[in-house]
Each structure stands twice: as structure tokens, then as C-alpha cells.
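Below: the structure, in C-alpha cells.
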Amino acid sequence: MLGTIYSWSVFRKPLESFFGWSAVESSLPFTVFLLVFALLMPVGGKLMEALGPRKVSLIGGVLVGLGWFLTSLVASLPEPLIFTLIFYGIIAGAGVGIAYGIPISVSSRWIPERRGLAVGLTILGFGLSPLITAPLANYLIYAVGLMNTFAYLGIAFGALLVVLSMPLSFPPEGWTPPSTSAQVVKTRALAELEPKQMVRTLTFYGLWLSYTLGTLGGFTAISLAAKYGQEVVGLTSELSATITGVFAIFNGAGRPFFGYLCDRLGVRKTALISFIVIFAAALLAMQAYTLPPYIISFALLWFVFGGWLAIAPAGTSTFFGLKHLGTNYGIVFTGYGAGALIGPTLASYIQATTGSYSPAFLTTAILAMIGLIVSITTLKPPRNGKKA
């Protein structure tokens with residue numbers, strides 16, 4: 001339910017038709033949502049340390065449901081776009097930002113010996129969301145109308161997220177996993193850096209920038225998927241929504257896959273692999289005029305995008321420890337917000353001004369090469385880690 005933001009491309013053409021919005025305007029709620037989502041992550045981490053995971057998850061769930069429901073009322077308000085940005089972008093985005101880090105921290109503490117895979121499996125649901133919500137939203141838009149769709153989803157999300165928050169808790173004080181593997185010992189020996197220590201390291205800035213560049217291609221693909229399929233490949237809206245759901249499988253699968261690679265190969269090697277895949281997929285997307293290259297290129301971009309949602313928290317816990325993971329990852333996660341701000345807006349602007357999607361994907365390929373260089377040079381354990 002938190003991941004329904006990835007189904008936003010299904011809403012864009014109906015919103016453009018309903019309100020007469022431009023392509024850039026229809027991308028703004030998506031961008032603001034993701035930016036607020038990222039900015040509220042550190043706040044969620046701090047609240048979690050003070051109130052515990054269950055209460056903070058409840059707060060986030062209520063805000064998500066409220067934001068979606070209030071968005072259903074914007075057609076009767078004087079400035080629909082402004083109020084959509086407030087209700088959907090800020091309120092619902094804040095709810096996701098507050099709640100998103102909770103299951104990541106919970107699973108990391110319960111399964112420290114396999115942090116990458118544990119986190120990847122946990123956020124698999126977030127990535128798989130469009131598999132269910134994209135066709136569901138598309139169906140509801142035609143069955144009950146665009147505004148009623150926001151209302152129905154808001155009520156459902158608010159109620160279910162409250163229920164699903166109840167089991168979330170941390171292990172008891174002093175608890176250790178029932179394992180004596182070398183990886184558990186290694187995890188216990190990690191330096192535990194506080195946020196103020198973390199932000200003084202080159203590793204942090206390298207991880208932050210890699211996160212931004214690693215998610216940028218995915219944000220471009222997510223924001224354009226349905227529109228590209230209809231306008232370039234010639235798909236119907238129904239088939240486009242269905243294929244968006246298929247892309248969600250790759251988005252979800254990328255999380256445990258790249259999390260597993262982090263456990264096996266390390267964070268830096270996994271990051272290098274991701275940027276090579278982004279580069280190849282972006283070049284292929286420039287020529288995706290028929291269904292096969294369209295599916296392959298966009299699926300790969302969604303796959304790596306999902307992967308970075310596992311690489312970044314695994315990197316944060318590996319380089320900076322588990323004790324302050326909620327707050328530390330919240331700070332690192334602002335790199336995701338930067339990708340959200342740059343990716344969809346830049347892609348929509350380039351497409352609108354050039355009349356072609358190819359320049360947007362060429363830009364993505366160039367930025368992937370920059371990400372490759374950043375990962376090689378900076379994704380190493382911080383020098384002051386042991387001392388700290």
C-alpha cells in the first residue's frame with residue numbers, strides 16, 4: 001500500500017484529461033510525494049527511537065489514508081493542482097516517509113546476519129505494489145471515476161495500515177540471533193557511527209550520491225512507463241497498466257536480488273553492477289519503439305531501481321552500523337529524494353521540449369557512468385570507523 005506511488009503513471013493521463021494539466025504538471029504530485037517521503041525519513045527514524053516502531057507506523061498509516069482520501073476532494077476546490085500537491089504530495093508522502101523505515105529497521109534487527117537479503121525481502125512488497133495497484137487503480141478509474149478512486153483507496157489504505165502496524169516490534173534488549181556464523185560476528189564488530197559522525201565521512205557522501213544516481217534511471221522509467229507505452233509503442237491504456245504491473249515484479253525482485261549480492265559481493269561491487277545495467281538499459285530504451293525492447297529496457301531500469309532500495313540500507317548498516325540505522329538511513333535516503341526530484345521532472349521537461357523520449361534516456365546513461373566512477377572511488381569503509 002505504501003508503494004502505490006509507483007502506480008502514479010496510471011493516474012497521469014486521466015488527470016491530464018480531467019483537469020487539462022500538462023505532462024509536467026501531472027508529474028508534480030509524484031515528485032512532491034517522493035521528495036516529502038525522503039525528507040521525512042530521518043524524522044521517522046527519530047520518532048521510532050522515541051516511540052517505538054508500532055506507534056510510528058500507526059501515525060504513518062493514518063496520514064497515508066488521509067492524504068489519499070483528501071485528494072478525492074480536489075475537483076471541488078479552486079486550485080486542484082495546488083491541493084493535490086498538499087493532500088497527496090505532502091500529507092500522503094509524509095505518511096509513507098514516516099512509516100517506510102520501520103519494517104527496514106525491524107527486519108535488520110531481527111536478522112542481522114543477513115541484512116541485505118532481509119531488507120530486500122522486507123521491501124519486496126513496496127516494489128511489487130504496482131502489480132496489484134496499477135491494474136486496480138486503472139479499473140477503478142473507469143468503474144467509479146477518477147476522484148472516487150482516490151477516496152476508495154484512501155479508506156482502504158488507512159484501515160489496513162493501522163491493522164498491519166500492530167505486529168511491528170524490536171527484539172528484546174540483549175537478544176541475539178540463534179546463529180554463530182562468521183557473518184553474525186562480523187556484524188557485531190561493525191563500528192556504530194552516530195549521524196553526526198556519519199556525515200563527516202567521504203563514504204556517506206559517496207553512498208548518498210550513488211543512491212541518487214542509482215535511482216534516477218528508475219524514476220525516469222516509472223514516471224514515463226504508461227505514457228511511453230501508449231504514445232511510442234502504441235499500447236492501449238489497459239495493456240499499458242498491465243505491463244506496468246509486470247515491471248513492478250522486476251522492481252520487487254531487484255530488492256532481494258541486490259540485497260543478496262550485497263551480502264555475497266559487498267556493497268561496492270554490487271553498486272558497480274547496478275550502474276552497468278542502468279547504462280545498457282537506458283541505451284536500449286532510446287530505441288524501444290516496439291514491445292520487446294520496451295519491456296526489456298524498462299524492466300531492467302525498474303529492476304535496478306528496486307535494487308538500490310536494498311543496496312542503500314545494506315550499505316548504511318555495513319559502513320555505519322545497526323544501532324542508529326533508522327536515523328542514519330533516513331539521512332542517506334534523502335539521496336532517493338534527490339533522485340525523485342531530478343528524475344521525473346527532468347525527464348518530463350526534456351520530453352516536452354524536444355518532443356522525444358530519447359534525450360531523457362541518453363541523460364540517464366551518462367549519469368550512470370558518473371555513478372560508476374563515484375562508487376569505485378568512495379564506497380569503502382570510513383577511515384575513522386574503528387575509532388568512532
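Each chain in the C-alpha cells gets a letter, A, B and so on, in the order shown; residues start at 1 in every chain, and ligands are counted from 1 in the order they appear.
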Give one line per residue of range 262-357 of chain A that approaches range 32-44 of chain A to at most 12 Å, naming the two atoms of the closest pair and their distance in Å to one decimal, counting only C-alpha atoms; sort by chain then ascending residue number and deliver it as a tab-separated table.
residue	atom	partner	partner_atom	distance
A:His324	CA	A:Pro42	CA	10.7
A:Leu325	CA	A:Pro42	CA	10.0
A:Gly326	CA	A:Pro42	CA	7.3
A:Thr327	CA	A:Pro42	CA	5.0
A:Asn328	CA	A:Pro42	CA	7.3
A:Tyr329	CA	A:Pro42	CA	7.3
A:Gly330	CA	A:Pro42	CA	3.9
A:Ile331	CA	A:Pro42	CA	5.5
A:Val332	CA	A:Pro42	CA	8.7
A:Phe333	CA	A:Ala38	CA	5.8
A:Thr334	CA	A:Ala38	CA	4.9
A:Gly335	CA	A:Ala38	CA	7.8
A:Tyr336	CA	A:Ala38	CA	6.4
A:Gly337	CA	A:Leu35	CA	4.5
A:Ala338	CA	A:Leu35	CA	7.0
A:Gly339	CA	A:Leu35	CA	8.6
A:Ala340	CA	A:Leu34	CA	5.7
A:Leu341	CA	A:Leu35	CA	6.2
A:Ile342	CA	A:Leu35	CA	9.9
A:Gly343	CA	A:Leu34	CA	10.8
A:Pro344	CA	A:Leu34	CA	10.3
A:Thr345	CA	A:Val32	CA	10.2
Export, as a compact mmCIF listing (two decimals), in the first residue's frame, the selected residues with N, CA and C atoms.
# COMPACT_ATOMS: atom_id res chain seq x y z
N HIS A 324 22.04 2.99 15.07
CA HIS A 324 21.37 4.22 14.64
C HIS A 324 20.87 4.10 13.19
N LEU A 325 20.57 2.87 12.78
CA LEU A 325 20.21 2.63 11.38
C LEU A 325 19.00 3.45 10.94
N GLY A 326 17.97 3.53 11.81
CA GLY A 326 16.75 4.25 11.44
C GLY A 326 17.04 5.69 11.06
N THR A 327 17.79 6.39 11.91
CA THR A 327 18.10 7.79 11.63
C THR A 327 19.15 7.92 10.53
N ASN A 328 20.19 7.09 10.59
CA ASN A 328 21.25 7.17 9.58
C ASN A 328 20.71 6.90 8.18
N TYR A 329 19.89 5.85 8.05
CA TYR A 329 19.35 5.55 6.73
C TYR A 329 18.36 6.62 6.29
N GLY A 330 17.68 7.23 7.26
CA GLY A 330 16.79 8.34 6.91
C GLY A 330 17.55 9.48 6.26
N ILE A 331 18.77 9.74 6.74
CA ILE A 331 19.60 10.79 6.15
C ILE A 331 20.10 10.36 4.77
N VAL A 332 20.59 9.12 4.68
CA VAL A 332 21.05 8.60 3.38
C VAL A 332 19.90 8.60 2.37
N PHE A 333 18.69 8.35 2.87
CA PHE A 333 17.52 8.22 2.00
C PHE A 333 17.15 9.53 1.31
N THR A 334 17.67 10.67 1.82
CA THR A 334 17.41 11.92 1.11
C THR A 334 18.02 11.90 -0.29
N GLY A 335 19.00 11.00 -0.52
CA GLY A 335 19.52 10.81 -1.87
C GLY A 335 18.44 10.28 -2.80
N TYR A 336 17.57 9.42 -2.27
CA TYR A 336 16.41 8.94 -3.01
C TYR A 336 15.49 10.11 -3.35
N GLY A 337 15.33 11.02 -2.38
CA GLY A 337 14.50 12.20 -2.62
C GLY A 337 15.08 13.08 -3.71
N ALA A 338 16.40 13.19 -3.74
CA ALA A 338 17.04 13.97 -4.80
C ALA A 338 16.79 13.33 -6.16
N GLY A 339 16.89 12.00 -6.22
CA GLY A 339 16.58 11.28 -7.46
C GLY A 339 15.14 11.48 -7.87
N ALA A 340 14.24 11.49 -6.88
CA ALA A 340 12.82 11.70 -7.16
C ALA A 340 12.56 13.11 -7.69
N LEU A 341 13.31 14.07 -7.17
CA LEU A 341 13.13 15.46 -7.60
C LEU A 341 13.68 15.67 -9.01
N ILE A 342 14.84 15.07 -9.27
CA ILE A 342 15.52 15.30 -10.55
C ILE A 342 14.92 14.43 -11.67
N GLY A 343 14.75 13.14 -11.39
CA GLY A 343 14.38 12.18 -12.43
C GLY A 343 13.10 12.50 -13.19
N PRO A 344 11.92 12.43 -12.54
CA PRO A 344 10.66 12.66 -13.26
C PRO A 344 10.55 14.06 -13.87
N THR A 345 11.00 15.08 -13.11
CA THR A 345 10.90 16.45 -13.60
C THR A 345 11.79 16.66 -14.82
Could you pull out all residues of range 157-352 of chain A with a DSSP call of alpha helix (DSSP H) and give them as an MDAnalysis selection string? chainID A and resid 157:165 182:188 195:198 202:231 237:265 267:285 291:320 325:332 334:352
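Look at Ser57 in chain A: the protein and nucleic acid residues within 9 Å of it, using only C-alpha atoms and passing over chain neighbours fewer than 4 places away, are Gly44, Met48, Gly52, Pro53, Gly61, Val62, Gly95, Ile98, Ala99, Tyr100, Ile102, Pro103, Leu161, Val162, Leu164, Ser165, Met166 and Leu168 of chain A.
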Could you write those residues out with N, CA and C atoms, as a CSV table (one decimal), in the first residue's frame?
chain,number,residue,atom,x,y,z
A,44,GLY,N,11.1,10.0,10.8
A,44,GLY,CA,10.5,8.8,11.2
A,44,GLY,C,11.5,8.0,12.0
A,48,MET,N,10.9,6.8,15.8
A,48,MET,CA,11.0,5.4,16.1
A,48,MET,C,11.8,5.1,17.4
A,52,GLY,N,9.0,3.9,19.5
A,52,GLY,CA,8.9,2.5,19.1
A,52,GLY,C,8.3,2.4,17.7
A,53,PRO,N,8.5,1.2,17.1
A,53,PRO,CA,8.0,1.0,15.7
A,53,PRO,C,6.5,1.0,15.5
A,61,GLY,N,0.6,5.3,8.8
A,61,GLY,CA,-0.6,4.7,8.1
A,61,GLY,C,-1.8,5.6,8.1
A,62,VAL,N,-2.1,6.3,9.2
A,62,VAL,CA,-3.2,7.2,9.2
A,62,VAL,C,-3.0,8.4,8.2
A,95,GLY,N,3.3,10.5,5.3
A,95,GLY,CA,2.9,9.2,5.9
A,95,GLY,C,3.8,8.1,5.5
A,98,ILE,N,7.3,8.6,7.1
A,98,ILE,CA,7.4,8.2,8.5
A,98,ILE,C,7.3,6.7,8.7
A,99,ALA,N,6.5,6.0,7.9
A,99,ALA,CA,6.3,4.5,8.1
A,99,ALA,C,7.3,3.7,7.4
A,100,TYR,N,7.9,4.2,6.3
A,100,TYR,CA,8.7,3.3,5.4
A,100,TYR,C,9.9,2.7,6.1
A,102,ILE,N,10.3,1.8,9.2
A,102,ILE,CA,10.0,1.0,10.3
A,102,ILE,C,10.3,-0.5,10.0
A,103,PRO,N,9.7,-1.1,8.9
A,103,PRO,CA,10.0,-2.5,8.7
A,103,PRO,C,11.4,-2.8,8.3
A,161,LEU,N,-3.5,-0.3,7.0
A,161,LEU,CA,-2.2,0.0,7.5
A,161,LEU,C,-2.2,0.1,9.0
A,162,VAL,N,-3.3,0.5,9.6
A,162,VAL,CA,-3.4,0.5,11.1
A,162,VAL,C,-3.4,-0.9,11.6
A,164,LEU,N,-2.0,-3.6,10.1
A,164,LEU,CA,-0.7,-4.2,9.8
A,164,LEU,C,0.4,-3.6,10.6
A,165,SER,N,0.2,-2.5,11.3
A,165,SER,CA,1.2,-1.9,12.2
A,165,SER,C,1.3,-2.6,13.5
A,166,MET,N,0.3,-3.3,13.9
A,166,MET,CA,0.2,-3.9,15.2
A,166,MET,C,1.3,-4.9,15.5
A,168,LEU,N,4.5,-5.0,14.6
A,168,LEU,CA,5.8,-4.5,14.4
A,168,LEU,C,6.5,-4.1,15.8
Who sits within 10 Å of Ile222 in chain A, only C-alpha atoms, same chain under 4 positions skipped, as a PyMOL selection string: chain A and resi 5-9+216-218+226-227+244+247-248+251+298-299+301-302+305+343-344
Between A:Val233, A:Gly67, A:Phe320, A:Ala312, which residue has the minimum interatomic distance to Arg200 in chain A, considering only C-alpha atoms?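 Closest candidate: A:Phe320.
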One residue among A:Ala225, A:Glu79, A:Tyr205, A:Ala314 is nearest to Tyr260 in chain A when using only C-alpha atoms, and that residue is A:Ala314
Within 9 Å of range 112-135 of chain A, which residues of range 211-299 of chain A show up? Give each one with its shortest atom-to-atom distance in Å (one decimal) and the two atoms involved, counting only C-alpha atoms, rows by chain then rising residue number, as CSV.
residue,atom,partner,partner_atom,distance
A:Glu238,CA,A:Pro135,CA,7.7
A:Ala241,CA,A:Pro135,CA,5.7
A:Thr242,CA,A:Pro135,CA,6.0
A:Ile243,CA,A:Leu131,CA,8.8
A:Thr244,CA,A:Pro130,CA,6.9
A:Gly245,CA,A:Leu131,CA,3.7
A:Val246,CA,A:Leu131,CA,6.2
A:Phe247,CA,A:Leu131,CA,7.8
A:Ala248,CA,A:Leu128,CA,4.9
A:Ile249,CA,A:Leu128,CA,5.5
A:Phe250,CA,A:Leu128,CA,8.0
A:Asn251,CA,A:Gly127,CA,5.1
A:Gly252,CA,A:Gly127,CA,4.1
A:Ala253,CA,A:Leu124,CA,6.8
A:Gly254,CA,A:Gly120,CA,7.9
A:Arg255,CA,A:Gly120,CA,4.3
A:Pro256,CA,A:Gly120,CA,3.8
A:Phe257,CA,A:Gly120,CA,7.3
A:Phe258,CA,A:Gly120,CA,7.5
A:Gly259,CA,A:Gly116,CA,4.0
A:Tyr260,CA,A:Leu117,CA,4.8
A:Leu261,CA,A:Gly116,CA,7.8
A:Cys262,CA,A:Gly116,CA,5.9
A:Asp263,CA,A:Gly116,CA,5.7
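Between CA of Ile278 in chain A and CA of Gly214 in chain A lies a distance of 7.9 Å.
Considering only C-alpha atoms, the residue among A:Val232, A:Ala92, A:Leu77, A:Ala23 positioned nearest to Gly3 in chain A is A:Ala92.
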Which is closer to Ala347 in chain A than all the others in A:Thr4, A:Thr176, A:Asn148, A:Ser223, using only C-alpha atoms?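 Under the stated criterion, the closest residue is A:Ser223.
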For Val64 in chain A, please output as a ChimeraX atom specification all residues within 10 Å (counting only C-alpha atoms; exclusion window: fewer than 6 positions along the same chain). /A:1-2,58,87-88,90-99,153-155,157-158,161
Tell me which protein, DNA and RNA residues are within 12 Å of Lys13 in chain A, counting only C-alpha atoms, leaving out same-chain ones fewer than 5 positions away, and put them as a compact mmCIF listing (two decimals) with N, CA and C atoms, in the first residue's frame.
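Once everything was written out, this is result20.txt:
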# COMPACT_ATOMS: atom_id res chain seq x y z
N TRP A 8 1.76 5.69 -10.10
CA TRP A 8 1.32 7.03 -10.45
C TRP A 8 1.15 7.23 -11.95
N PHE A 18 -8.76 15.14 -17.28
CA PHE A 18 -9.78 15.64 -16.36
C PHE A 18 -9.58 17.12 -16.05
N PHE A 19 -8.34 17.52 -15.78
CA PHE A 19 -8.05 18.89 -15.36
C PHE A 19 -7.38 19.74 -16.44
N GLY A 20 -6.98 19.12 -17.56
CA GLY A 20 -6.27 19.85 -18.59
C GLY A 20 -4.83 20.16 -18.22
N TRP A 21 -4.23 19.32 -17.37
CA TRP A 21 -2.85 19.53 -16.94
C TRP A 21 -1.88 19.15 -18.05
N SER A 22 -0.71 19.77 -18.02
CA SER A 22 0.36 19.40 -18.94
C SER A 22 1.09 18.18 -18.40
N ALA A 23 2.03 17.64 -19.19
CA ALA A 23 2.81 16.48 -18.75
C ALA A 23 3.65 16.82 -17.52
N VAL A 24 4.19 18.03 -17.50
CA VAL A 24 5.00 18.45 -16.35
C VAL A 24 4.11 18.58 -15.11
N GLU A 25 2.93 19.15 -15.26
CA GLU A 25 2.02 19.33 -14.11
C GLU A 25 1.57 17.98 -13.55
N SER A 26 1.30 17.02 -14.42
CA SER A 26 0.84 15.71 -13.92
C SER A 26 1.96 14.93 -13.24
N SER A 27 3.22 15.32 -13.47
CA SER A 27 4.33 14.66 -12.80
C SER A 27 4.65 15.29 -11.45
N ASN A 138 -6.46 1.42 -12.36
CA ASN A 138 -6.97 1.61 -13.72
C ASN A 138 -8.42 1.16 -13.83
N ILE A 141 -10.71 3.67 -11.90
CA ILE A 141 -10.88 4.94 -12.61
C ILE A 141 -12.01 4.86 -13.62
N LEU A 146 -12.37 8.98 -11.51
CA LEU A 146 -11.02 9.30 -11.04
C LEU A 146 -11.00 9.73 -9.58
N SER A 223 8.06 7.07 -14.05
CA SER A 223 7.21 8.21 -14.36
C SER A 223 6.72 8.20 -15.80
N LEU A 224 7.46 7.52 -16.69
CA LEU A 224 7.11 7.54 -18.11
C LEU A 224 6.51 6.24 -18.63
N ALA A 225 6.51 5.20 -17.80
CA ALA A 225 6.19 3.85 -18.30
C ALA A 225 4.88 3.78 -19.07
N ALA A 226 3.77 4.20 -18.44
CA ALA A 226 2.47 4.08 -19.09
C ALA A 226 2.36 5.01 -20.30
N LYS A 227 2.83 6.25 -20.16
CA LYS A 227 2.75 7.21 -21.27
C LYS A 227 3.61 6.75 -22.45
N TYR A 228 4.81 6.27 -22.18
CA TYR A 228 5.69 5.80 -23.24
C TYR A 228 5.05 4.62 -23.98
N GLN A 230 1.93 3.91 -24.36
CA GLN A 230 0.79 4.31 -25.17
C GLN A 230 1.21 5.19 -26.36
N GLU A 231 2.11 6.16 -26.13
CA GLU A 231 2.43 7.14 -27.16
C GLU A 231 3.48 6.66 -28.15
N SER A 237 -4.51 1.72 -22.97
CA SER A 237 -4.32 2.07 -21.56
C SER A 237 -4.38 0.84 -20.67
N SER A 240 -1.16 -1.13 -21.16
CA SER A 240 -0.08 -0.36 -20.56
C SER A 240 -0.08 -0.52 -19.05
N ALA A 241 -1.27 -0.48 -18.44
CA ALA A 241 -1.37 -0.66 -16.99
C ALA A 241 -0.95 -2.07 -16.58
Smallest atom-to-atom distance to Leu322 in chain A: which of A:Tyr349, A:Trp110, A:Tyr139, A:Phe361, using only C-alpha atoms? A:Trp110
Rounded to one decimal place, report the CA of Thr378 in chain A-CA of Leu202 in chain A distance in Å. 6.6 Å
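For the pair CA of Ala271 in chain A and CA of Phe219 in chain A, the interatomic distance is 17.1 Å.
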Spatial neighbours of Thr149 in chain A, max dist 7 Å, only C-alpha atoms, sep filter under 5 positions, as a list of chain:residue names: A:Ala137, A:Leu140, A:Ile141, A:Val144
Selection export as a PDB file, in the first residue's frame, atoms kept: C-alpha atoms:
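Result file follows (result.pdb):
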ATOM      1  CA  ALA A 137      -6.463   1.788  -9.953  1.00  0.00           C
ATOM      2  CA  LEU A 140     -11.500   1.830 -10.513  1.00  0.00           C
ATOM      3  CA  ILE A 141     -10.878   4.943 -12.612  1.00  0.00           C
ATOM      4  CA  VAL A 144     -16.220   4.619 -10.341  1.00  0.00           C
TER       5      VAL A 144
END
